[in-house]
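Input: a single structure, listed below in structure tokens.
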Amino acid sequence: MKLDLRPLSNVIGAEVMSVDLSQQPTAEIAEALYAAWVDNLILLFRDQDLSQAQLVAATEMFGEVGGLARPEEYRPIGQRDLHPSVMLISNVRENGVPIGALPDGEMMFHHD
């Protein structure tokens with residue numbers, strides 16, 4: 001299967017056209033997306049409206065999805081309603097308490 005890809009630059013990244021990640025992809029599409037990721041390092045999927053479960057399912061096409069290591073009783077308040085494999089990174093505070101993980105610059109470098 002050949003995907004419809006639009007380069008994001010001359011160096012890195014591609015926009016994936018006409019793939020709806022809210023739908024379970026065929027094995028052929030999943031393999032093509034994985035190959036596109038390996039070739040381009042960054043894939044952009046515009047205008048996707050995904051539930052947390054759909055987001056995690058789409059992520060699983062690219063490798064094993066991890067969970068949160070922090071024990072539940074020590075997780076920030078904003079994490080309570082999220083899928084166990086989704087981490088909220090936010091510097092927002094409610095009533096003086098951070099709602100997300102890594103709220104005050106604790107993570108100077110990361111990749112998604």
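Ligands are numbered from 1 in the order shown, residues from 1 within each chain, and chains are lettered A, B, ... in the order they appear in the structure tokens.
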
Task: DSSP-assigned strand (DSSP E or B) among chain A, expressed as a PyMOL selection string - done: chain A and resi 4-7+14-17+43-44+89+93-94+97-98+101

Same residues, C-alpha atoms, output as an mmCIF file, in the first residue's frame:
data_model
loop_
_atom_site.group_PDB
_atom_site.id
_atom_site.type_symbol
_atom_site.label_atom_id
_atom_site.label_comp_id
_atom_site.auth_asym_id
_atom_site.auth_seq_id
_atom_site.Cartn_x
_atom_site.Cartn_y
_atom_site.Cartn_z
ATOM 1 C CA ASP A 4 -0.511 9.737 0.212
ATOM 2 C CA LEU A 5 2.280 11.706 1.949
ATOM 3 C CA ARG A 6 3.198 15.383 1.711
ATOM 4 C CA PRO A 7 6.743 16.310 2.844
ATOM 5 C CA ALA A 14 5.594 14.122 6.322
ATOM 6 C CA GLU A 15 1.902 14.881 6.475
ATOM 7 C CA VAL A 16 -0.257 11.787 6.084
ATOM 8 C CA MET A 17 -3.267 12.486 3.897
ATOM 9 C CA LEU A 43 4.211 12.073 10.836
ATOM 10 C CA LEU A 44 1.522 14.753 10.930
ATOM 11 C CA ILE A 89 1.982 17.647 30.641
ATOM 12 C CA ARG A 93 -2.533 25.072 38.481
ATOM 13 C CA GLU A 94 -5.948 24.810 40.079
ATOM 14 C CA VAL A 97 -1.959 22.719 42.829
ATOM 15 C CA PRO A 98 -0.464 21.509 39.502
ATOM 16 C CA ALA A 101 2.888 16.034 35.459
#

TODO: Tell me which protein, DNA and RNA residues are within 10 Å of Asp49 in chain A, counting only C-alpha atoms, leaving out same-chain ones fewer than 6 positions away, and put them as a ChimeraX atom specification.
DONE: /A:20-22,55

Keeping only N, CA, C and O atoms, write the selected residues to a file as a short mmCIF file (atom, residue, chain, number, x, y, z; two decimals), in the first residue's frame.
data_model
loop_
_atom_site.label_atom_id
_atom_site.label_comp_id
_atom_site.auth_asym_id
_atom_site.auth_seq_id
_atom_site.Cartn_x
_atom_site.Cartn_y
_atom_site.Cartn_z
N ASP A 20 -7.82 8.10 8.53
CA ASP A 20 -8.63 8.40 9.70
C ASP A 20 -8.21 7.48 10.83
O ASP A 20 -8.51 6.29 10.82
N LEU A 21 -7.49 8.04 11.80
CA LEU A 21 -6.96 7.22 12.90
C LEU A 21 -8.05 6.78 13.88
O LEU A 21 -7.78 5.96 14.75
N SER A 22 -9.26 7.29 13.73
CA SER A 22 -10.34 6.82 14.62
C SER A 22 -10.85 5.44 14.18
O SER A 22 -11.56 4.78 14.93
N LEU A 55 -6.50 7.15 20.46
CA LEU A 55 -5.15 7.69 20.41
C LEU A 55 -4.12 6.62 20.79
O LEU A 55 -3.11 6.43 20.10
#

Task: alpha helix (DSSP H) residues, from DSSP on the backbone, in chain A, as an MDAnalysis selection string - done: chainID A and resid 27:40 52:59

- [ ] Extract, using only C-alpha atoms, all DNA, RNA and protein residues at most 7 Å from Tyr34 in chain A, discarding same-chain residues fewer than 4 positions from it, and format them as a PyMOL selection string.
- [x] chain A and resi 30+38+61-62

Same residues, N, CA, C and O atoms, saved as an mmCIF file, in the first residue's frame:
data_model
loop_
_atom_site.group_PDB
_atom_site.id
_atom_site.type_symbol
_atom_site.label_atom_id
_atom_site.label_comp_id
_atom_site.auth_asym_id
_atom_site.auth_seq_id
_atom_site.Cartn_x
_atom_site.Cartn_y
_atom_site.Cartn_z
ATOM 1 N N ALA A 30 -1.384 -0.123 8.395
ATOM 2 C CA ALA A 30 -0.523 -0.019 9.587
ATOM 3 C C ALA A 30 0.942 -0.226 9.206
ATOM 4 O O ALA A 30 1.821 0.508 9.670
ATOM 5 N N VAL A 38 9.357 5.435 9.877
ATOM 6 C CA VAL A 38 10.782 5.120 9.843
ATOM 7 C C VAL A 38 11.499 6.007 8.813
ATOM 8 O O VAL A 38 12.577 6.527 9.074
ATOM 9 N N MET A 61 0.534 1.221 16.712
ATOM 10 C CA MET A 61 1.066 0.830 15.398
ATOM 11 C C MET A 61 2.571 1.042 15.316
ATOM 12 O O MET A 61 3.246 0.446 14.492
ATOM 13 N N PHE A 62 3.107 1.909 16.180
ATOM 14 C CA PHE A 62 4.511 2.292 16.098
ATOM 15 C C PHE A 62 5.384 1.642 17.164
ATOM 16 O O PHE A 62 6.584 1.864 17.213
#

- [ ] Check the smallest atom-to-atom distance from each of A:Gly13, A:Pro84, A:Val19, A:Ile99 to Asp39 in chain A using only C-alpha atoms, then report the winner.
- [x]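 Of all the options, A:Gly13 lies closest to Asp39 in chain A.
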
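Straight-line separation from CA of Gly96 in chain A to CA of Glu72 in chain A: 20.2 Å.
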
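Here the question is which of A:Val11, A:Arg80, A:Ser85, A:Tyr74 gets nearest to Asn40 in chain A using only C-alpha atoms, and that residue is A:Val11.
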
- [ ] In Å, rounded to a single decimal, give me how far CA of His83 in chain A is from CA of Gln54 in chain A.
- [x] 10.4 Å

Task: Non-local contacts of range 57-60 of chain A (10 Å; only C-alpha atoms; under 4 positions in same chain excluded) as a PyMOL selection string - done: chain A and resi 20-25+30+50-53+64-66

Take the residues from that selection and write them out as a compact mmCIF listing (two decimals), in the first residue's frame, keeping N, CA, C and O atoms.
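Output saved as selection_27.txt:
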# COMPACT_ATOMS: atom_id res chain seq x y z
N ASP A 20 -7.82 8.10 8.53
CA ASP A 20 -8.63 8.40 9.70
C ASP A 20 -8.21 7.48 10.83
O ASP A 20 -8.51 6.29 10.82
N LEU A 21 -7.49 8.04 11.80
CA LEU A 21 -6.96 7.22 12.90
C LEU A 21 -8.05 6.78 13.88
O LEU A 21 -7.78 5.96 14.75
N SER A 22 -9.26 7.29 13.73
CA SER A 22 -10.34 6.82 14.62
C SER A 22 -10.85 5.44 14.18
O SER A 22 -11.56 4.78 14.93
N GLN A 23 -10.48 5.03 12.98
CA GLN A 23 -10.86 3.72 12.46
C GLN A 23 -9.68 2.77 12.56
O GLN A 23 -8.53 3.15 12.35
N GLN A 24 -9.96 1.53 12.89
CA GLN A 24 -8.91 0.51 12.97
C GLN A 24 -8.32 0.31 11.58
O GLN A 24 -9.04 -0.05 10.65
N PRO A 25 -7.01 0.56 11.41
CA PRO A 25 -6.44 0.41 10.07
C PRO A 25 -6.26 -1.06 9.71
O PRO A 25 -6.14 -1.91 10.57
N ALA A 30 -1.38 -0.12 8.40
CA ALA A 30 -0.52 -0.02 9.59
C ALA A 30 0.94 -0.23 9.21
O ALA A 30 1.82 0.51 9.67
N LEU A 50 -9.94 12.13 18.11
CA LEU A 50 -9.75 10.80 18.68
C LEU A 50 -10.08 10.77 20.16
O LEU A 50 -9.72 11.69 20.90
N SER A 51 -10.70 9.70 20.58
CA SER A 51 -10.84 9.45 22.01
C SER A 51 -9.46 9.04 22.53
O SER A 51 -8.55 8.74 21.76
N GLN A 52 -9.32 9.00 23.84
CA GLN A 52 -8.04 8.57 24.41
C GLN A 52 -7.72 7.13 24.00
O GLN A 52 -6.57 6.82 23.67
N ALA A 53 -8.72 6.27 23.99
CA ALA A 53 -8.49 4.88 23.60
C ALA A 53 -8.07 4.78 22.13
O ALA A 53 -7.19 3.99 21.78
N GLU A 64 5.34 -0.69 21.26
CA GLU A 64 4.68 -0.97 22.53
C GLU A 64 4.41 0.33 23.29
O GLU A 64 5.28 1.19 23.41
N VAL A 65 3.21 0.46 23.80
CA VAL A 65 2.81 1.65 24.54
C VAL A 65 3.04 1.39 26.02
O VAL A 65 2.64 0.36 26.55
N GLY A 66 3.69 2.33 26.66
CA GLY A 66 3.96 2.20 28.09
C GLY A 66 2.85 2.76 28.94
O GLY A 66 1.90 3.37 28.45
